[in-house]
Amino acid sequence: MQVVQTVFQADEVSRVFEPARGTIEKLTDRLTGKRPAIVQAVDRVSLSVAQGETLGIVGESGCGKSTLARMITGILPVSGGTRRFRNEDYDSFLARRRDALKVQMVFQDPMSSLNGRLKVGEIIGEGAVVHGIVPRSRMREHAAKMLERVGLAADSIDRYPHQFSGGQRQRIGIARALAVEPELLVCDEAVAALDVSVQAQIINLLMDIRQESGLSMIFISHDLGLIRHLCDRVAVMYLGRVVELAKTSELFANPVHPYTQMLLAGMPRISTERRTFMPIKGEIPSPLNPPSGCHFHPRCDRATDHCRISRPDLREKVPGHLHACLNA
Amino acid sequence: MSEQFFEVEGLNTWFFTRAGTFKSVRDVSFNLKRGEVLGIVGESGSGKSVTGMSIMGQVEKPGKIVSGSIRLDGEELTELSFDQMRKYRGRRIAMVFQNPLMTLNPLMRVRQQMFEAISEHEKVPAAQMRERSIAALKAVGIPSPEERLEAYPHELSGGMRQRVVIATALLMNPDLIIADEPTTALDVTIQAQIIHQMRSQITDRGLGMIWITHDLATLSELADRILVMYAGAMMETGATAEIIATPRHPYTSKLLESVPSNNEPGQRLKQIRGTMPSLLDLGEGCAFRSRCERASPACETSPPKRSFSSTHHAWCHHPIEG
């Protein structure tokens, strides 16, 4: 049996958002006995990433994938459940600032995640200097090395983010993340805003980096084609919950959960024939007021009374293939 | 009446800025039949959206239609005054944008916005406007349209909002709909729904539609014909199956190859080297030459039109010969 080292693990993590409420609103709530609306953005999600593995998280808007990403990177605290990094409790891991850098994030919009008033060399090098990875005297050199690693000219260090194209800016965002020697890279819709030809370049870059350094990755996207291409395993999320989790090839060949099946059927494919689009049932319900039982039951053809009442837990169909459907 | 009810010929739309002249659309020509969907595909800066704006007569300063002809049922649109064009917009040509919140007024109920779209063009009693609005909402698959009429845009989901925009576009029974990335911001399952409904409206009502997008996969499943644009110019045009199965222009071929589903999972994606050139210093030759593997000195001169069937053409010195 091969020994696979788990880099990051989440056990039943949840995140609840409550609307900010003033004194008067709190008072009226208490007088009327009304409970303020809360959003269960992530609802008891468990997953793990092994050394060198890329885990995909796919789902539609409002499914909680970005909230989950922010809990994985430690930007957001959890409302419940536990996180572990290399089997150490996550809060004590994060408390050591230098170690906390081992988890880095690449965002969707590089323009809003890069400081427009700093030169590229400073954006990339600063983290490494502040945390003592390189001395300040070597910051420029370090930044130049990172730029070359992501395929940009080393002399770009004295330019500002706005002087670059969208694809180049995303490379800078990746260089910034790599500069502090991470072990886990969380990419949240990192290529969604890029053109097809640029997207291919960035995906190739991520694959090269992964191969060179054995980096673990969590790749969050709504694009099933990209997920299929890049990821070893995939978790499918719907309204805050993981509904299916399997190896990528297995998930695309034998999707079990009706929602996964619906997603795959809706996925646009390059074809020479015009497709007759089938109408899909229903809308994504509001996360403020999710359906009871299995969240998917109002859109599901196979739903029974059981589905309307009880919450399905993830169960194993074949080894390694988990799903949360009561009727599969 | 001719079958081709809509024609664009030799369109040039340029932007005159202090930095120089951006030739955003250069010599673009195409036509459209009723009941047909023409897909215009290209990356950012390809000129696909400016082409749509030019047809709508909404190119603003410092931009200008420098030359070319846009004809709807034989009538020249580029010569119409602002007021005349206003009568066309919404009534005969309607546009749907990527972000429905840009189109919808957040302070007005759906009912008010739809009624306004009708009363802008004709005087009808409120009861009739209501009837027509409900019918249009139903046509795009909105459940309980009577209630939705009273909703404000923020009370609707993203997919629902885009459907309200489409329903409003259909209200005046236009001849032509220009849709600029209409489903790009939407989720996969919602996208499939909306495409299904739009497609059936086009067939049922015999409208023409221009679908502008960067997404070849969606186009391949939806469009009858495809026009591929790059850096403001036409690269290739043809029936969808011709473009997808036998691309002749190196750019089209590379674009198709770089789509993940056309690659072996886990392998490096086939990518196009380099980046798009600045629209400022394009010169005479083929816009794609700096990134093209087949480029030769001949490509410094403007590329010839090569025909492969009555519908399939590519503008290239070295097309891929089947």
# chains A, B, ... in the order shown; residues from 1 in each chain; ligands from 1
>>> select_by_dssp(residues="stretch 47-233 of chain B", states="alpha helix (DSSP H)", output="count of residues only")
86
>>> interface_residues(of="chain A", to="chain B", cutoff="8 Å", atoms="only C-alpha atoms", output="JSON, numbers by chain")
{"A": [60, 61, 195, 196, 197, 198, 200, 201, 203, 204, 207, 222, 225, 226, 228, 229, 230, 231, 262, 263, 266, 267, 268, 269, 270, 271, 272, 273, 274, 275, 276, 277, 278, 279, 280, 283]}
>>> residues_around(residues="stretch 227-237 of chain B", least_positions_apart="3", cutoff="6 Å", atoms="only C-alpha atoms", output="list in words")
Ser24, Val25, Arg26, Ile40, Val41, Gly42, Gly45, Ser46, Gly47, His312, His313, Ala314 and Trp315 of chain B
>>> atom_distance(atom1="atom CA of A:Lys102", atom2="atom CA of A:Ala153")
25.7 Å
>>> closest_residue(among="B:Pro153, B:Pro182, B:Pro174, B:Gly208", to="B:Gln4", atoms="only C-alpha atoms")
B:Gly208
>>> atom_distance(atom1="atom CA of A:Val7", atom2="atom CA of A:Leu47")
11.1 Å
